[in-house]
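File shown here: my_file03.cif, holding mmCIF, C-alpha atoms (C1' of nucleotides).
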```cif
data_input
#
loop_
_atom_site.label_atom_id
_atom_site.label_comp_id
_atom_site.auth_asym_id
_atom_site.auth_seq_id
_atom_site.Cartn_x
_atom_site.Cartn_y
_atom_site.Cartn_z
CA MET A 3 23.01 -6.00 13.93
CA THR A 4 19.40 -4.97 14.29
CA ARG A 5 18.35 -1.70 15.78
CA ARG A 6 14.99 -0.47 16.91
CA VAL A 7 13.71 2.54 14.94
CA PRO A 8 12.97 5.31 17.48
CA ARG A 9 9.86 7.44 17.49
CA ALA A 10 11.87 10.52 16.53
CA PHE A 11 12.55 8.88 13.17
CA TYR A 12 8.85 9.14 12.30
CA ASP A 13 8.37 12.61 13.79
CA ALA A 14 8.81 14.54 10.53
CA ASP A 15 6.84 15.10 7.35
CA ALA A 16 6.13 11.85 5.49
CA ARG A 17 7.80 13.28 2.40
CA ASP A 18 11.06 13.42 4.35
CA VAL A 19 10.60 10.12 6.19
CA ALA A 20 9.59 8.09 3.12
CA PRO A 21 12.98 7.89 1.34
CA ARG A 22 14.73 7.25 4.65
CA LEU A 23 12.44 4.27 5.31
CA LEU A 24 13.85 2.47 2.26
CA ASN A 25 15.89 -0.63 3.15
CA LYS A 26 14.48 -0.81 6.66
CA VAL A 27 12.72 -4.07 7.59
CA LEU A 28 9.04 -4.62 8.36
CA VAL A 29 8.51 -7.40 10.91
CA ALA A 30 5.26 -9.09 11.95
CA GLY A 31 5.93 -12.08 14.20
CA PRO A 32 7.89 -14.67 12.20
CA VAL A 33 7.53 -12.77 8.92
CA ALA A 34 9.95 -10.08 7.76
CA ALA A 35 10.65 -8.18 4.53
CA ARG A 36 12.76 -5.26 3.36
CA ILE A 37 10.99 -2.02 2.44
CA VAL A 38 11.87 -1.14 -1.17
CA GLU A 39 8.90 0.96 -2.36
CA VAL A 40 6.94 3.63 -0.48
CA GLU A 41 4.70 6.63 -1.06
CA ALA A 42 4.29 9.75 1.05
CA TYR A 43 0.87 11.13 1.93
CA ALA A 44 0.60 14.57 3.48
CA GLY A 45 -2.26 16.34 5.20
CA ALA A 46 -4.42 19.36 4.45
CA GLU A 47 -2.46 20.31 1.31
CA ASP A 48 -2.57 16.82 -0.26
CA PRO A 49 -5.87 15.98 -2.00
CA GLY A 50 -4.66 12.39 -2.43
CA SER A 51 -4.36 11.82 1.31
CA HIS A 52 -6.98 10.19 3.51
CA SER A 53 -6.41 13.02 5.98
CA TYR A 54 -7.15 15.76 3.41
CA ARG A 55 -10.76 16.28 4.51
CA GLY A 56 -10.09 16.03 8.23
CA PRO A 57 -10.51 13.26 10.79
CA THR A 58 -13.03 10.44 10.31
CA ALA A 59 -13.52 7.03 11.90
CA ARG A 60 -11.36 5.38 9.24
CA ASN A 61 -8.38 7.73 9.26
CA ALA A 62 -8.25 8.40 13.01
CA THR A 63 -4.88 6.66 13.34
CA MET A 64 -3.28 9.13 10.92
CA PHE A 65 -4.05 11.84 13.47
CA GLY A 66 -2.32 9.86 16.22
CA ARG A 67 1.32 9.98 17.24
CA PRO A 68 4.16 9.31 14.80
CA GLY A 69 5.26 5.67 14.77
CA LEU A 70 1.79 4.12 14.70
CA LEU A 71 0.71 1.66 12.02
CA TYR A 72 -2.25 2.92 9.97
CA VAL A 73 -4.08 0.03 8.29
CA TYR A 74 -7.05 0.77 6.04
CA PHE A 75 -9.42 -1.44 4.06
CA THR A 76 -10.03 -0.72 0.38
CA TYR A 77 -11.71 -2.15 -2.72
CA GLY A 78 -13.74 -4.45 -0.52
CA MET A 79 -10.85 -6.87 -0.01
CA HIS A 80 -7.45 -5.29 0.60
CA PHE A 81 -5.71 -4.07 3.73
CA CYS A 82 -2.93 -1.52 3.17
CA ALA A 83 -0.30 -0.45 5.70
CA ASN A 84 1.22 2.94 6.47
CA ALA A 85 3.71 4.28 8.97
CA VAL A 86 2.19 7.37 10.60
CA CYS A 87 4.50 10.39 10.52
CA GLY A 88 4.36 14.00 11.67
CA PRO A 89 5.71 16.42 12.52
CA GLY A 90 3.86 16.24 15.83
CA ASP A 91 0.17 15.69 15.26
CA THR A 92 0.30 16.65 11.57
CA PRO A 93 -1.54 13.77 9.85
CA THR A 94 0.99 12.48 7.33
CA ALA A 95 1.87 8.86 6.57
CA VAL A 96 4.06 6.62 4.42
CA LEU A 97 2.28 3.86 2.45
CA LEU A 98 4.26 0.63 2.13
CA ARG A 99 3.98 -0.45 -1.50
CA GLY A 100 6.71 -3.04 -2.09
CA LEU A 101 8.88 -5.34 0.02
CA THR A 102 11.61 -7.91 -0.56
CA PRO A 103 10.71 -11.07 1.41
CA LEU A 104 13.38 -11.99 3.99
CA ARG A 105 11.94 -14.40 6.59
CA GLY A 106 8.81 -16.52 6.93
CA LEU A 107 8.55 -17.16 3.19
CA GLU A 108 6.64 -20.40 3.78
CA ILE A 109 4.02 -18.50 5.76
CA MET A 110 3.76 -15.81 3.09
CA ARG A 111 3.31 -18.43 0.37
CA ALA A 112 0.54 -20.11 2.36
CA ARG A 113 -1.23 -16.77 2.80
CA ARG A 114 -0.77 -15.87 -0.88
CA PRO A 115 -1.37 -19.06 -2.88
CA LYS A 116 -1.92 -17.01 -6.05
CA ALA A 117 1.65 -15.68 -6.06
CA ARG A 118 3.57 -17.33 -8.89
CA ARG A 119 7.02 -16.23 -7.72
CA ASP A 120 8.45 -15.20 -4.38
CA ALA A 121 9.12 -11.74 -5.81
CA GLU A 122 5.32 -11.28 -6.02
CA LEU A 123 4.65 -12.11 -2.37
CA CYS A 124 4.86 -8.49 -1.22
CA ALA A 125 4.91 -6.54 -4.52
CA GLY A 126 1.99 -4.13 -4.00
CA PRO A 127 0.19 -2.65 -0.99
CA GLY A 128 -2.64 -5.17 -0.99
CA ARG A 129 -0.22 -8.07 -1.35
CA ILE A 130 1.76 -6.82 1.66
CA GLY A 131 -1.44 -6.90 3.68
CA GLN A 132 -2.06 -10.50 2.63
CA ALA A 133 1.50 -11.77 3.11
CA PHE A 134 1.76 -10.17 6.56
CA GLY A 135 -1.75 -11.16 7.64
CA LEU A 136 -2.71 -7.56 8.36
CA THR A 137 -6.33 -6.66 9.18
CA ARG A 138 -8.17 -3.82 10.89
CA ASP A 139 -7.05 -5.43 14.16
CA HIS A 140 -3.56 -4.07 13.44
CA ASP A 141 -4.70 -0.49 12.86
CA GLY A 142 -3.16 1.76 15.49
CA ALA A 143 -0.43 -0.67 16.59
CA ASP A 144 2.66 1.14 17.86
CA LEU A 145 5.61 0.19 15.63
CA VAL A 146 8.12 1.64 18.08
CA ARG A 147 7.00 -0.73 20.85
CA ALA A 148 6.38 -3.70 18.51
CA ASP A 149 2.75 -3.58 19.62
CA ARG A 150 0.80 -6.62 18.34
CA GLY A 151 4.09 -8.05 17.07
CA VAL A 152 4.46 -5.48 14.30
CA THR A 153 7.52 -3.26 14.03
CA ILE A 154 10.09 -1.73 11.70
CA VAL A 155 13.78 -2.34 12.40
CA ASP A 156 17.10 -1.22 10.94
CA ASP A 157 19.43 -4.09 10.03
CA GLY A 158 22.27 -1.80 9.04
CA THR A 159 21.42 -1.52 5.36
CA PRO A 160 21.45 2.21 4.56
CA ALA A 161 18.77 3.88 2.47
CA PRO A 162 19.93 4.46 -1.12
CA ASP A 163 21.80 7.70 -1.82
CA GLU A 164 19.78 8.09 -5.00
CA PRO A 165 16.35 6.45 -4.64
CA GLY A 166 14.00 6.12 -7.58
CA VAL A 167 11.52 9.02 -7.53
CA THR A 168 8.18 8.98 -9.39
CA THR A 169 4.56 10.08 -9.17
CA ARG A 170 2.22 8.09 -6.94
CA VAL A 171 0.27 5.08 -8.17
CA GLY A 172 -3.47 4.48 -8.38
CA LEU A 173 -4.82 7.91 -7.49
CA ARG A 174 -7.38 10.21 -9.10
CA GLU A 175 -6.87 13.17 -6.82
CA GLY A 176 -3.29 14.09 -6.08
CA ALA A 177 -1.81 12.29 -9.07
CA GLY A 178 -0.25 15.41 -10.57
CA ASP A 179 3.12 15.22 -12.29
CA ALA A 180 4.56 17.66 -9.77
CA LEU A 181 3.92 15.34 -6.83
CA LEU A 182 6.97 13.06 -6.95
CA TRP A 183 6.20 11.28 -3.70
CA ARG A 184 6.86 7.64 -4.59
CA PHE A 185 10.32 6.36 -3.67
CA THR A 186 11.99 3.07 -4.59
CA VAL A 187 15.21 1.11 -4.24
CA PRO A 188 16.11 0.91 -7.94
CA GLY A 189 16.08 -2.64 -9.29
CA ALA A 190 15.05 -4.22 -6.01
CA VAL A 191 13.06 -7.46 -5.79
CA GLY A 192 9.46 -6.83 -4.78
CA LEU A 193 8.66 -3.57 -6.57
CA SER A 194 4.99 -3.25 -7.58
CA ARG A 195 6.22 -2.17 -11.01
CA PRO A 196 9.61 -2.13 -12.75
CA THR A 197 10.54 1.50 -12.10
"C1'" DA S 25 3.40 -8.11 -23.17
"C1'" DC S 26 -0.54 -5.42 -22.83
"C1'" DC S 27 -5.23 -4.26 -21.87
"C1'" DG S 28 -10.15 -4.49 -20.06
"C1'" DG S 29 -13.26 -5.76 -16.68
"C1'" DG S 30 -15.03 -8.10 -12.44
"C1'" DA S 31 -14.61 -8.97 -7.52
"C1'" DT S 32 -16.08 -7.27 -3.04
"C1'" DG S 33 -17.69 -4.19 0.84
"C1'" DT S 34 -16.56 -0.02 3.46
"C1'" DT S 35 -16.66 4.85 3.51
"C1'" DC S 36 -18.19 9.18 2.48
"C1'" DT S 37 -21.32 12.38 -0.35
"C1'" DG G 30 -25.06 6.00 -4.94
"C1'" DA G 31 -20.23 6.70 -6.22
"C1'" DA G 32 -15.62 6.18 -5.28
"C1'" DC G 33 -12.02 3.51 -3.72
"C1'" DA G 34 -3.77 4.74 -2.03
"C1'" DT G 35 -5.97 -2.99 -5.58
"C1'" DC G 36 -5.52 -7.58 -7.47
"C1'" DC G 37 -6.45 -11.27 -10.59
"C1'" DC G 38 -8.00 -13.46 -14.70
"C1'" DG G 39 -8.97 -14.00 -19.41
"C1'" DG G 40 -8.75 -11.94 -23.83
"C1'" DT G 41 -5.84 -10.49 -27.80
"C1'" DG G 42 -1.40 -9.61 -30.48
#
```

Can the structure in the file be given as structure tokens, please?
Amino acid sequence: MTRRVPRAFYDADARDVAPRLLNKVLVAGPVAARIVEVEAYAGAEDPGSHSYRGPTARNATMFGRPGLLYVYFTYGMHFCANAVCGPGDTPTAVLLRGLTPLRGLEIMRARRPKARRDAELCAGPGRIGQAFGLTRDHDGADLVRADRGVTIVDDGTPAPDEPGVTTRVGLREGAGDALLWRFTVPGAVGLSRPT
DNA sequence: ACCGGGATGTTCT
DNA sequence: GAACATCCCGGTG
């Protein structure tokens, strides 16, 4: 059983959507993997968010409708993927940080020859971009319509009742101990770090 | 296992 | 000109 995830699912604050996105499945053509680690990014009140200082050419997709895929380029070599949330036109988003590979493992291995183990294929936001072949061409794709072959589906696995909750990773601004906006499936394969 | 630094180029100040 | 929602490699213990 595989259900489409409707737009209404994304039409709420990323901090509410993020834990509910756990155990859903990211699909890009023949490649699929289970979402086991995410981070929420809010808008004007979140100094760690790309949308904090208002719209720019790069973050335009975050200001679009909930359910879009926001792909950004960072550190001169990595593409990272987010699900745009809301509510409404509020520019929040959920960063995908860790996935458990499910289908298309051979393709992922070919795209990520440096990965030593399958658990490393999608363990980290930049690695997800590599394994799924994401580039700026995917920025703005509509996940709800499987635009450009990219979508998120529900295969019947519920989100955990008690997800792991920690601070966000890799930030200067917005890294405060009070901002517990990283969510994980405890013990899952494909986490970017153990906890 | 843990840590430090280099890669690489876009984006914003 | 600095920062960057990162990754990989080579050092040391």

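Using only C-alpha atoms (C1' of nucleotides), the chain A residues found within 8 Å of chain S amount to Arg60, Phe75, Thr76, Tyr77, Gly78 and Met79 of chain A.
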
Original post:
List as number ranges by chain: which residues have an atom within 10 Å of (8.2, 6.2, 13.1), counting only C-alpha atoms (C1' of nucleotides)?
Top reply: A: 7-14, 16, 19, 23, 67-71, 85-88, 95-96, 144-146, 153-154

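Of note, CA of Ile109 (chain A) and CA of Ala30 (chain A) are spaced 11.3 Å apart.
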
Near chain A, 8 Å: chain G residue rows, closest pairs, only C-alpha atoms (C1' of nucleotides), as a Markdown table:
```
| residue | atom | partner | partner_atom | distance |
| --- | --- | --- | --- | --- |
| G:DC33 | C1' | A:Tyr77 | CA | 5.8 |
| G:DA34 | C1' | A:Gly172 | CA | 6.4 |
| G:DT35 | C1' | A:Gly128 | CA | 6.1 |
| G:DC36 | C1' | A:Gly128 | CA | 7.5 |
```

Taking all atoms of region 126-145 of chain A that the file lists and extending 8 Å past them on each side, where is the centre of the axis-aligned box and how long are its edges? Answer in Å to one decimal, as AutoDock Vina command-line options.
```
--center_x -1.3 --center_y -5.0 --center_z 6.9 --size_x 29.8 --size_y 29.5 --size_z 37.9
```

Take chain S from the block and save it with C-alpha atoms (C1' of nucleotides), as an mmCIF file, in the first residue's frame.
```cif
data_model
loop_
_atom_site.group_PDB
_atom_site.id
_atom_site.type_symbol
_atom_site.label_atom_id
_atom_site.label_comp_id
_atom_site.auth_asym_id
_atom_site.auth_seq_id
_atom_site.Cartn_x
_atom_site.Cartn_y
_atom_site.Cartn_z
ATOM 1 C "C1'" DA S 25 37.734 6.537 17.289
ATOM 2 C "C1'" DC S 26 38.617 11.229 16.993
ATOM 3 C "C1'" DC S 27 40.189 15.487 15.073
ATOM 4 C "C1'" DG S 28 41.923 19.083 11.668
ATOM 5 C "C1'" DG S 29 41.982 20.919 7.267
ATOM 6 C "C1'" DG S 30 41.136 21.209 2.185
ATOM 7 C "C1'" DA S 31 37.912 21.080 -1.641
ATOM 8 C "C1'" DT S 32 34.960 24.002 -4.456
ATOM 9 C "C1'" DG S 33 31.894 27.874 -6.112
ATOM 10 C "C1'" DT S 34 27.607 30.373 -5.124
ATOM 11 C "C1'" DT S 35 25.498 33.818 -2.412
ATOM 12 C "C1'" DC S 36 25.196 37.737 0.188
ATOM 13 C "C1'" DT S 37 27.551 41.714 2.771
#
```
